[in-house]
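Pasted below: final_13.txt, compact mmCIF, C-alpha atoms and all ligand atoms.
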```txt
# COMPACT_ATOMS: atom_id res chain seq x y z
CA MET A 1 126.62 133.37 91.52
CA GLU A 2 129.94 132.92 89.72
CA GLN A 3 128.01 132.87 86.44
CA ASP A 4 126.11 136.04 87.43
CA LEU A 5 129.41 137.80 88.03
CA GLU A 6 130.79 136.62 84.70
CA ASP A 7 127.64 137.93 82.99
CA PHE A 8 128.08 141.21 84.82
CA ARG A 9 131.69 141.44 83.66
CA PHE A 10 130.58 140.96 80.04
CA GLU A 11 127.86 143.58 80.46
CA VAL A 12 130.43 146.11 81.72
CA ARG A 13 132.83 145.19 78.94
CA ALA A 14 130.11 145.62 76.30
CA PHE A 15 129.13 149.02 77.71
CA LEU A 16 132.75 150.21 77.67
CA LYS A 17 133.18 148.98 74.10
CA GLU A 18 130.10 150.90 73.02
CA LYS A 19 130.54 154.16 74.95
CA LEU A 20 134.29 154.69 75.44
CA SER A 21 135.95 156.01 72.31
CA PRO A 22 139.31 154.31 71.53
CA GLU A 23 140.95 157.75 71.12
CA LEU A 24 139.87 158.90 74.59
CA ALA A 25 140.94 155.56 76.10
CA GLU A 26 144.36 155.76 74.47
CA ARG A 27 144.88 159.35 75.62
CA ALA A 28 143.81 158.53 79.18
CA ARG A 29 145.89 155.37 79.32
CA SER A 30 149.07 157.03 78.07
CA GLY A 31 148.86 159.90 80.55
CA PHE A 32 147.74 162.74 78.26
CA TYR A 33 146.03 165.49 80.21
CA LEU A 34 142.23 165.31 79.84
CA SER A 35 140.05 168.42 79.77
CA LYS A 36 137.23 169.05 82.22
CA GLN A 37 134.76 168.37 79.39
CA GLU A 38 136.35 165.00 78.61
CA LEU A 39 136.38 163.91 82.25
CA PHE A 40 132.89 165.05 83.12
CA GLY A 41 131.58 163.90 79.72
CA TRP A 42 132.67 160.39 80.70
CA GLN A 43 131.01 160.82 84.11
CA GLN A 44 127.77 161.80 82.30
CA ALA A 45 127.89 158.60 80.25
CA LEU A 46 128.23 156.55 83.45
CA TYR A 47 125.51 158.57 85.14
CA LYS A 48 123.05 157.92 82.29
CA LYS A 49 123.69 154.22 82.71
CA GLY A 50 123.24 154.49 86.52
CA TRP A 51 126.82 153.30 87.11
CA ILE A 52 128.16 156.11 89.25
CA GLY A 53 128.47 156.81 93.01
CA LEU A 54 129.48 153.19 93.53
CA ASN A 55 129.56 153.53 97.32
CA TRP A 56 126.36 155.54 97.57
CA PRO A 57 123.22 153.89 98.98
CA LYS A 58 120.55 153.13 96.40
CA GLU A 59 118.20 155.78 97.81
CA TYR A 60 120.75 158.44 96.82
CA GLY A 61 121.33 157.06 93.34
CA GLY A 62 124.08 154.45 93.85
CA PRO A 63 123.88 151.28 91.71
CA ASP A 64 123.45 148.98 94.73
CA TRP A 65 126.26 146.64 93.70
CA SER A 66 127.97 144.01 95.79
CA PRO A 67 131.67 144.59 96.63
CA MET A 68 132.56 142.04 93.96
CA GLN A 69 130.56 143.91 91.32
CA LYS A 70 132.27 147.18 92.23
CA TYR A 71 135.61 145.45 91.97
CA ILE A 72 134.80 144.00 88.53
CA PHE A 73 133.53 147.35 87.29
CA GLU A 74 136.67 149.26 88.39
CA ASP A 75 138.88 146.51 87.02
CA GLU A 76 137.20 146.53 83.59
CA CYS A 77 137.28 150.35 83.43
CA ALA A 78 141.01 150.38 84.17
CA GLN A 79 141.73 147.64 81.62
CA ALA A 80 139.70 149.49 78.97
CA GLY A 81 141.57 152.76 79.64
CA ALA A 82 138.49 154.64 80.91
CA PRO A 83 139.36 158.13 82.25
CA ILE A 84 140.00 158.18 85.98
CA LEU A 85 137.15 160.24 87.39
CA ILE A 86 137.79 163.08 89.81
CA THR A 87 136.44 161.61 93.00
CA LEU A 88 136.59 164.56 95.40
CA GLY A 89 132.87 165.12 94.90
CA LEU A 90 131.76 161.53 94.36
CA ASN A 91 133.75 159.96 97.17
CA GLN A 92 134.71 162.57 99.75
CA ALA A 93 131.97 165.23 99.54
CA GLY A 94 129.42 162.48 98.81
CA ALA A 95 130.42 160.45 101.90
CA LEU A 96 130.39 163.59 104.04
CA LEU A 97 126.93 164.72 102.93
CA ILE A 98 125.29 161.30 102.89
CA ASN A 99 126.52 160.55 106.42
CA PHE A 100 126.25 163.96 108.06
CA GLY A 101 124.52 166.47 105.75
CA THR A 102 121.12 168.06 106.47
CA ASP A 103 118.18 167.16 104.20
CA GLU A 104 118.54 170.57 102.58
CA GLN A 105 122.26 170.06 101.88
CA LYS A 106 121.62 166.60 100.45
CA LYS A 107 118.88 167.96 98.21
CA ARG A 108 121.07 170.77 96.95
CA HIS A 109 124.26 168.83 96.27
CA LEU A 110 123.93 165.08 95.92
CA GLN A 111 122.20 164.89 92.54
CA PRO A 112 124.56 167.44 90.85
CA ILE A 113 127.59 165.63 92.30
CA LEU A 114 126.32 162.39 90.81
CA ASP A 115 125.56 163.76 87.34
CA GLY A 116 128.83 165.75 87.25
CA THR A 117 127.28 169.22 87.01
CA GLN A 118 128.73 170.28 90.38
CA THR A 119 132.51 169.99 90.81
CA TRP A 120 134.11 169.90 94.27
CA CYS A 121 137.52 170.49 95.76
CA GLN A 122 138.91 169.70 99.20
CA GLY A 123 140.15 172.58 101.36
CA PHE A 124 142.01 170.79 104.17
CA SER A 125 145.80 171.38 103.91
CA GLU A 126 147.50 174.66 104.74
CA PRO A 127 151.13 175.75 104.61
CA GLY A 128 152.55 174.07 107.74
CA SER A 129 149.41 171.95 108.32
CA GLY A 130 149.49 168.90 106.06
CA SER A 131 150.37 165.73 107.98
CA ASP A 132 149.64 167.62 111.19
CA LEU A 133 146.26 168.67 109.83
CA ALA A 134 144.75 169.37 113.26
CA SER A 135 147.11 172.36 113.62
CA LEU A 136 145.21 174.21 110.84
CA LYS A 137 144.69 177.93 111.34
CA CYS A 138 142.20 179.11 108.68
CA ALA A 139 139.71 180.81 110.99
CA ALA A 140 135.91 181.10 110.85
CA VAL A 141 134.25 183.58 113.20
CA ARG A 142 130.48 183.52 113.66
CA ASP A 143 128.72 186.75 112.66
CA GLY A 144 124.93 186.38 112.86
CA ASP A 145 123.79 183.86 110.23
CA HIS A 146 127.25 183.65 108.68
CA TYR A 147 130.80 182.54 109.33
CA VAL A 148 133.49 185.02 108.27
CA VAL A 149 136.48 183.03 107.02
CA ASN A 150 140.09 184.24 106.75
CA GLY A 151 143.21 182.23 105.90
CA THR A 152 144.77 180.13 103.18
CA LYS A 153 144.51 176.56 101.85
CA ILE A 154 147.17 174.88 99.73
CA TRP A 155 147.52 172.00 97.24
CA THR A 156 143.82 172.35 96.49
CA THR A 157 143.36 170.01 93.53
CA ILE A 158 141.11 171.35 90.74
CA ALA A 159 139.99 174.38 92.76
CA HIS A 160 140.09 176.33 89.45
CA TRP A 161 137.41 173.99 88.03
CA SER A 162 135.31 173.75 91.18
CA ASP A 163 131.89 175.07 92.07
CA TRP A 164 132.16 174.10 95.75
CA CYS A 165 134.80 173.32 98.34
CA PHE A 166 134.45 171.33 101.56
CA LEU A 167 136.54 173.31 103.95
CA LEU A 168 138.08 172.63 107.36
CA VAL A 169 138.18 175.75 109.50
CA ARG A 170 139.16 176.60 113.06
CA THR A 171 136.24 177.81 115.14
CA ASP A 172 137.83 177.42 118.57
CA ASN A 173 141.38 177.85 119.86
CA GLY A 174 140.94 176.59 123.44
CA GLY A 175 141.43 172.90 124.40
CA ARG A 176 142.69 170.06 122.17
CA LYS A 177 143.46 171.29 118.65
CA GLN A 178 141.25 168.54 117.16
CA ASP A 179 138.27 169.86 119.09
CA GLY A 180 138.05 173.33 117.55
CA ILE A 181 137.57 172.31 113.90
CA THR A 182 134.40 172.73 111.84
CA ILE A 183 133.43 171.70 108.29
CA LEU A 184 131.89 174.32 106.01
CA LEU A 185 130.68 174.01 102.42
CA MET A 186 132.05 176.97 100.50
CA ASP A 187 130.51 178.22 97.26
CA MET A 188 133.56 179.05 95.12
CA LYS A 189 131.75 182.06 93.64
CA LEU A 190 131.62 183.91 96.99
CA PRO A 191 133.47 187.25 97.14
CA GLY A 192 136.88 187.17 98.85
CA ILE A 193 138.18 183.90 97.31
CA THR A 194 141.39 184.05 95.24
CA VAL A 195 142.59 180.89 93.46
CA ARG A 196 146.30 180.94 92.59
CA PRO A 197 147.68 178.18 90.33
CA ILE A 198 150.58 175.93 91.34
CA ILE A 199 152.32 174.24 88.40
CA GLY A 200 153.36 170.64 89.06
CA LEU A 201 156.55 168.75 88.24
CA ASP A 202 154.89 167.56 85.03
CA GLY A 203 154.48 171.18 83.90
CA MET A 204 150.67 171.02 84.25
CA HIS A 205 148.12 172.89 86.34
CA SER A 206 145.98 170.81 88.66
CA LEU A 207 146.98 172.31 92.03
CA ASN A 208 146.18 175.67 93.60
CA GLN A 209 146.53 177.82 96.66
CA LEU A 210 143.35 179.47 97.96
CA PHE A 211 143.38 182.82 99.73
CA LEU A 212 140.25 183.52 101.76
CA ASP A 213 139.70 187.12 102.70
CA ASN A 214 136.59 187.82 104.79
CA VAL A 215 134.59 185.17 102.93
CA ARG A 216 131.05 185.10 104.32
CA ILE A 217 129.70 181.54 104.38
CA PRO A 218 126.07 181.03 105.51
CA ALA A 219 125.85 179.05 108.77
CA SER A 220 123.35 176.75 106.99
CA ASP A 221 126.36 175.50 104.95
CA ARG A 222 128.00 174.00 108.05
CA VAL A 223 128.13 170.18 108.13
CA GLY A 224 127.50 168.67 111.57
CA GLU A 225 127.99 170.56 114.80
CA GLU A 226 130.40 173.43 115.31
CA ASN A 227 133.82 172.19 116.58
CA ARG A 228 132.98 168.53 115.76
CA GLY A 229 134.44 168.50 112.25
CA TRP A 230 137.48 166.34 113.06
CA ASP A 231 135.47 163.16 113.69
CA LEU A 232 133.40 163.68 110.53
CA MET A 233 136.52 164.24 108.51
CA LYS A 234 137.94 160.81 109.39
CA VAL A 235 135.15 159.19 107.37
CA VAL A 236 136.19 161.27 104.36
CA LEU A 237 139.87 160.38 104.72
CA GLY A 238 139.16 156.63 104.96
CA THR A 239 137.52 156.54 101.54
CA GLU A 240 140.32 158.73 100.17
CA ARG A 241 142.96 156.20 101.22
CA VAL A 242 141.48 153.23 99.43
CA SER A 243 140.97 155.15 96.19
CA ALA A 244 144.48 156.67 96.48
CA ALA A 245 145.90 153.14 96.64
CA GLY A 246 144.95 152.82 92.95
CA ILE A 247 145.21 149.02 92.64
CA TRP A 248 143.15 148.99 89.44
CA LYS A 249 145.34 151.70 87.98
CA ALA A 250 148.42 149.66 88.86
CA LYS A 251 146.98 146.65 87.03
CA ALA A 252 146.41 148.77 83.93
CA HIS A 253 149.95 150.22 84.20
CA PHE A 254 151.29 146.68 84.39
CA GLU A 255 149.53 145.70 81.15
CA ARG A 256 150.83 148.83 79.49
CA LEU A 257 154.37 148.20 80.65
CA CYS A 258 154.25 144.71 79.13
CA LEU A 259 153.00 146.12 75.80
CA ILE A 260 155.75 148.75 75.66
CA ALA A 261 158.40 146.20 76.63
CA LYS A 262 157.27 144.00 73.74
CA SER A 263 157.85 146.75 71.18
CA GLU A 264 160.99 148.36 72.66
CA MET A 265 164.24 146.73 71.61
CA ARG A 266 167.36 146.42 73.80
CA ASN A 267 170.56 144.85 72.50
CA GLY A 268 168.78 143.57 69.44
CA ARG A 269 165.84 141.87 71.12
CA PRO A 270 162.54 142.94 72.73
CA LEU A 271 162.97 144.34 76.25
CA ILE A 272 160.39 141.87 77.55
CA GLU A 273 162.88 139.08 76.86
CA SER A 274 165.59 140.55 79.07
CA PRO A 275 166.00 138.26 82.14
CA ARG A 276 166.66 141.21 84.48
CA PHE A 277 163.56 143.01 83.25
CA ARG A 278 161.42 139.88 83.57
CA GLN A 279 162.64 139.37 87.13
CA ARG A 280 161.54 142.89 88.10
CA LEU A 281 158.26 142.39 86.29
CA SER A 282 157.51 139.13 88.15
CA TRP A 283 158.20 140.72 91.52
CA LEU A 284 155.81 143.58 90.69
CA TYR A 285 153.18 141.11 89.52
CA LEU A 286 153.33 139.10 92.75
CA ARG A 287 152.92 142.23 94.84
CA LEU A 288 150.04 143.35 92.67
CA GLN A 289 148.26 140.04 93.25
CA ALA A 290 148.76 140.29 97.01
CA LEU A 291 147.39 143.84 97.14
CA GLU A 292 144.39 142.86 95.07
CA GLU A 293 143.56 140.18 97.67
CA ILE A 294 143.74 142.74 100.50
CA LEU A 295 141.61 145.15 98.49
CA LEU A 296 138.94 142.47 98.04
CA SER A 297 138.88 141.84 101.79
CA VAL A 298 138.41 145.58 102.44
CA LEU A 299 135.62 145.83 99.89
CA ALA A 300 133.85 142.88 101.50
CA ASP A 301 133.94 144.52 104.94
CA THR A 302 133.62 148.30 104.74
CA SER A 303 134.47 148.72 108.46
CA LYS A 304 138.07 148.14 107.28
CA LEU A 305 137.88 151.36 105.24
CA VAL A 306 139.09 153.32 108.25
CA GLY A 307 141.35 150.57 109.63
CA ILE A 308 145.01 149.71 109.07
CA GLU A 309 144.10 147.72 105.95
CA ALA A 310 143.26 151.04 104.26
CA SER A 311 146.59 152.53 105.41
CA LEU A 312 148.45 149.45 104.21
CA LEU A 313 146.76 149.58 100.82
CA LYS A 314 147.59 153.25 100.46
CA LEU A 315 151.24 152.68 101.38
CA ARG A 316 151.94 149.61 99.27
CA GLY A 317 149.57 150.53 96.41
CA THR A 318 151.21 153.89 95.81
CA GLN A 319 154.71 152.40 96.03
CA LEU A 320 153.78 149.84 93.41
CA GLN A 321 152.14 152.45 91.18
CA GLN A 322 155.26 154.61 91.30
CA GLU A 323 157.58 151.69 90.53
CA LEU A 324 155.45 150.71 87.55
CA LEU A 325 155.41 154.24 86.17
CA GLU A 326 159.17 154.51 86.66
CA MET A 327 159.62 151.29 84.71
CA ILE A 328 157.30 152.55 81.94
CA SER A 329 159.41 155.69 81.66
CA GLU A 330 162.61 153.60 81.57
CA ALA A 331 161.13 151.18 79.05
CA ALA A 332 160.07 154.03 76.75
CA GLY A 333 163.77 154.88 76.42
CA TYR A 334 165.41 158.10 75.20
CA TYR A 335 162.22 159.47 73.64
CA ALA A 336 160.66 159.68 77.11
CA ILE A 337 163.23 162.28 78.21
CA PRO A 338 162.02 165.57 76.55
CA LEU A 339 159.17 167.38 78.38
CA HIS A 340 156.31 168.64 76.18
CA PRO A 341 153.57 170.10 78.43
CA GLY A 342 151.75 171.54 75.38
CA VAL A 343 151.60 168.12 73.77
CA LEU A 344 150.24 166.56 76.95
CA ARG A 345 147.47 169.11 77.16
CA ASP A 346 146.45 169.58 73.55
CA GLY A 347 147.63 166.42 71.78
CA TRP A 348 150.15 166.49 68.98
CA GLY A 349 148.24 168.96 66.78
CA ASP A 350 150.28 169.38 63.62
CA GLU A 351 153.46 168.03 65.17
CA GLU A 352 154.66 164.51 64.52
CA PRO A 353 155.41 162.53 67.70
CA ILE A 354 159.11 162.25 68.48
CA GLY A 355 159.51 158.51 68.78
CA PRO A 356 156.55 156.27 69.59
CA ALA A 357 153.30 157.91 70.84
CA TYR A 358 153.64 156.31 74.29
CA ALA A 359 156.99 158.01 74.90
CA ALA A 360 156.04 161.70 75.39
CA PRO A 361 153.62 161.22 78.33
CA ALA A 362 155.66 158.49 80.04
CA THR A 363 157.98 160.67 82.15
CA PRO A 364 155.51 163.48 83.00
CA PHE A 365 153.00 160.80 84.04
CA TYR A 366 155.66 159.27 86.29
CA LEU A 367 156.51 162.71 87.71
CA PHE A 368 152.85 163.59 88.31
CA TRP A 369 152.22 160.40 90.25
CA ARG A 370 155.18 161.03 92.57
CA LYS A 371 152.40 162.86 94.41
CA SER A 372 150.56 159.66 95.31
CA SER A 373 152.90 158.90 98.25
CA ILE A 374 152.18 162.39 99.64
CA SER A 375 148.55 163.27 98.87
CA GLY A 376 145.76 161.43 100.65
CA GLY A 377 148.04 161.22 103.73
CA ALA A 378 151.85 160.92 103.37
CA ASN A 379 153.21 157.36 103.35
CA GLU A 380 155.31 158.00 106.46
CA ILE A 381 152.06 158.78 108.29
CA MET A 382 150.56 155.52 106.98
CA ARG A 383 153.61 153.70 108.40
CA ASN A 384 153.14 155.43 111.75
CA MET A 385 149.47 154.41 111.82
CA ILE A 386 150.22 150.79 110.97
CA ALA A 387 153.03 150.62 113.55
CA HIS A 388 150.90 152.31 116.19
CA THR A 389 147.99 149.89 115.68
CA LEU A 390 150.07 146.73 115.46
CA LEU A 391 152.81 147.51 117.99
CA GLY A 392 150.98 149.86 120.32
C1 LIG A 401 149.45 166.50 94.21
C2 LIG A 401 148.83 166.78 95.54
C3 LIG A 401 147.47 167.00 95.64
C4 LIG A 401 146.90 167.37 96.85
N1 LIG A 401 145.57 167.68 96.90
C5 LIG A 401 145.06 168.16 98.04
C6 LIG A 401 143.70 168.65 98.06
O1 LIG A 401 142.98 168.61 97.07
N2 LIG A 401 143.24 169.17 99.23
C7 LIG A 401 144.00 169.22 100.37
O2 LIG A 401 143.50 169.68 101.39
N3 LIG A 401 145.27 168.76 100.37
C8 LIG A 401 145.83 168.25 99.23
N4 LIG A 401 147.12 167.82 99.22
C9 LIG A 401 147.93 168.00 100.42
C10 LIG A 401 148.35 166.71 101.09
O3 LIG A 401 147.30 166.18 101.84
C11 LIG A 401 149.58 167.06 101.93
O4 LIG A 401 150.63 167.38 101.04
C12 LIG A 401 150.00 165.91 102.81
O5 LIG A 401 149.07 165.71 103.84
C13 LIG A 401 151.40 166.17 103.43
O6 LIG A 401 151.44 167.41 104.05
P1 LIG A 401 152.59 168.48 103.72
O7 LIG A 401 152.70 168.63 102.25
O8 LIG A 401 152.33 169.69 104.54
O9 LIG A 401 153.94 167.80 104.19
P2 LIG A 401 154.47 167.69 105.69
O10 LIG A 401 153.36 167.24 106.58
O11 LIG A 401 155.19 168.92 106.04
O12 LIG A 401 155.48 166.50 105.54
C14 LIG A 401 156.80 166.65 104.99
C15 LIG A 401 157.51 165.32 105.13
O13 LIG A 401 157.65 164.98 106.50
C16 LIG A 401 157.06 163.71 106.78
N5 LIG A 401 156.39 163.73 108.09
C17 LIG A 401 155.52 164.65 108.55
N6 LIG A 401 155.09 164.31 109.79
C18 LIG A 401 155.68 163.14 110.09
C19 LIG A 401 155.62 162.26 111.22
N7 LIG A 401 154.84 162.52 112.27
N8 LIG A 401 156.35 161.12 111.19
C20 LIG A 401 157.13 160.82 110.10
N9 LIG A 401 157.24 161.61 109.02
C21 LIG A 401 156.53 162.75 109.01
C22 LIG A 401 156.03 163.52 105.68
O14 LIG A 401 155.75 162.18 105.43
C23 LIG A 401 156.74 164.16 104.49
O15 LIG A 401 157.63 163.25 103.90
C24 LIG A 401 147.70 167.43 98.02
C25 LIG A 401 149.08 167.13 97.94
C26 LIG A 401 149.64 166.83 96.72
C27 LIG A 401 151.12 166.56 96.66
```
If you convert what's in this file into structure tokens, what do you get?
Amino acid sequence: MEQDLEDFRFEVRAFLKEKLSPELAERARSGFYLSKQELFGWQQALYKKGWIGLNWPKEYGGPDWSPMQKYIFEDECAQAGAPILITLGLNQAGALLINFGTDEQKKRHLQPILDGTQTWCQGFSEPGSGSDLASLKCAAVRDGDHYVVNGTKIWTTIAHWSDWCFLLVRTDNGGRKQDGITILLMDMKLPGITVRPIIGLDGMHSLNQLFLDNVRIPASDRVGEENRGWDLMKVVLGTERVSAAGIWKAKAHFERLCLIAKSEMRNGRPLIESPRFRQRLSWLYLRLQALEEILLSVLADTSKLVGIEASLLKLRGTQLQQELLEMISEAAGYYAIPLHPGVLRDGWGDEEPIGPAYAAPATPFYLFWRKSSISGGANEIMRNMIAHTLLG
């Protein structure tokens, strides 16, 4: 078995060497902004190989891997600098449809989600309804074969690229607030949808606010029963937490930090030789190892996906990620201070890099990932959930 896994690791490594261009890997690893074509082009390459939808059952096109194989695959991709795929379709919409979708919905969406021809966004949060999601107000009123939707959604990642949105709407105002919520699949081409960009701390556009003005969504695009959306949504959020923890990403950041610290000089010698720096590095490494162990236990028992292990991974994984990116920015030195959004988006073009090539994306990348302790459930909420489960 051990040998089989080693063979599998070499197979993944060989595939990445053949299909992932070093330029794309370097851009992705350093934090340059990738285009939709680059991201979904990489998804296509994985799709052709059958290595996509890692958590999907085989009958829907998943690769049917053991937890250990999935772990090795993600680990090798992160080490090789493979682009981080947008998982709103693959993980969240996929989990929702596979578990609760009608045959018609599965037929219409699953294959295009897998091959990357259908892009999805998540319409959950609203101004004033983020952590307290059940208080959401965006209303859907039944009108014959349609729901008429009015309201707003905020922080909607990649809505400007998306073909579809899985949307939480209020269909009932009586009783417990969790009990009046329904999930609808919204075609982003429907009349009445306005997508307004929100520019992030890094100067880039990945977030949006949606304004929904009498949007008519066919009732056949409802997932599950009316007013039962809250329970279905928990399945989606569980998978979101484990991927938000980003342990593989943290491992790749660690490697990168070591490389930068070897080439950056402080007081006449490489930064990596500074005792203070090495002490911080060792502490991060130990925590990384511990989180990897917890991640393996979650992968081996998927019932833990919605348990406190997932909350713990999200909390500690994102803290670690942020500390690593902060250290990368510090290690990159003065040249990491200027902000060049154009460079991040389009590459250097005719300009020469100011300082080493790893410097320009270091701080924006750090700033962008400040989001990881908020999105996918704020870390304070994770703490509340852990405390509630353990202490009652
Ligand atoms: C970059 C980014 C991408 C996102 N993408 C999406 C997306 O694609 N789709 C989507 O639907 N949403 C998305 N979100 C929204 C995200 O889910 C919310 O931001 C998150 O749930 C927090 O909600 P909020 O922003 O309203 O903050 P609030 O809930 O108002 O929280 C503000 C602060 O108060 C704290 N707080 C709140 N309640 C408690 C409590 N009970 N106990 C202790 N502390 C508390 C929070 O931890 C936080 O520090 C994204 C957010 C970000 C930053």
Query raised in the report: If we count all atoms listed in the file, what is near A:Thr363 at a cut-off of 9 Å, once residues fewer than 4 positions away on the same chain are taken out, given as a list in words?
Result: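 Non-adjacent residues within range: Asp202, Leu325, Glu326, Ile328, Ser329, Glu330, Ala332, Ala336, Ile337, Pro338, Leu339, Ala359, Leu367 and Phe368 of chain A.
Interatomic distance, atom O15 of ligand LIG 401 (chain A) against atom CA of A:Thr157: 18.9 Å.
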Report task. Residues within 9 Å of ligand LIG 401 (chain A), counting all atoms listed in the file: report them as a ChimeraX atom specification. Result -> /A:88,121-133,153-159,167-168,200,206-208,368-384
Report task. Work out how far atom CA of A:Leu212 is from atom CA of A:Glu226, in Å to one decimal. Result -> 19.6 Å
**Report entry** Between atom CA of A:Ser30 and atom CA of A:Tyr358 - distance in Å to one decimal
**Finding:**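 Between atom CA of A:Tyr358 and atom CA of A:Ser30 the gap is 6.0 Å.
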Per residue of stretch 310-345 of chain A within 12 Å of stretch 298-302 of chain A, record the nearest atom pair and its distance in Å to one decimal, counting only C-alpha atoms, with rows in chain order and ascending residue number, as CSV.
```
residue,atom,partner,partner_atom,distance
A:Ala310,CA,A:Val298,CA,7.5
A:Ser311,CA,A:Val298,CA,11.1
A:Leu312,CA,A:Val298,CA,10.9
A:Leu313,CA,A:Val298,CA,9.4
```
Query raised in the report: Using all atoms listed in the file, which of the listed residues (A:Asp172, A:Asp213, A:Glu293, A:Glu264) sits closest to A:Val148?
Result: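 Nearest candidate to A:Val148 out of A:Asp172, A:Asp213, A:Glu293, A:Glu264: A:Asp213.
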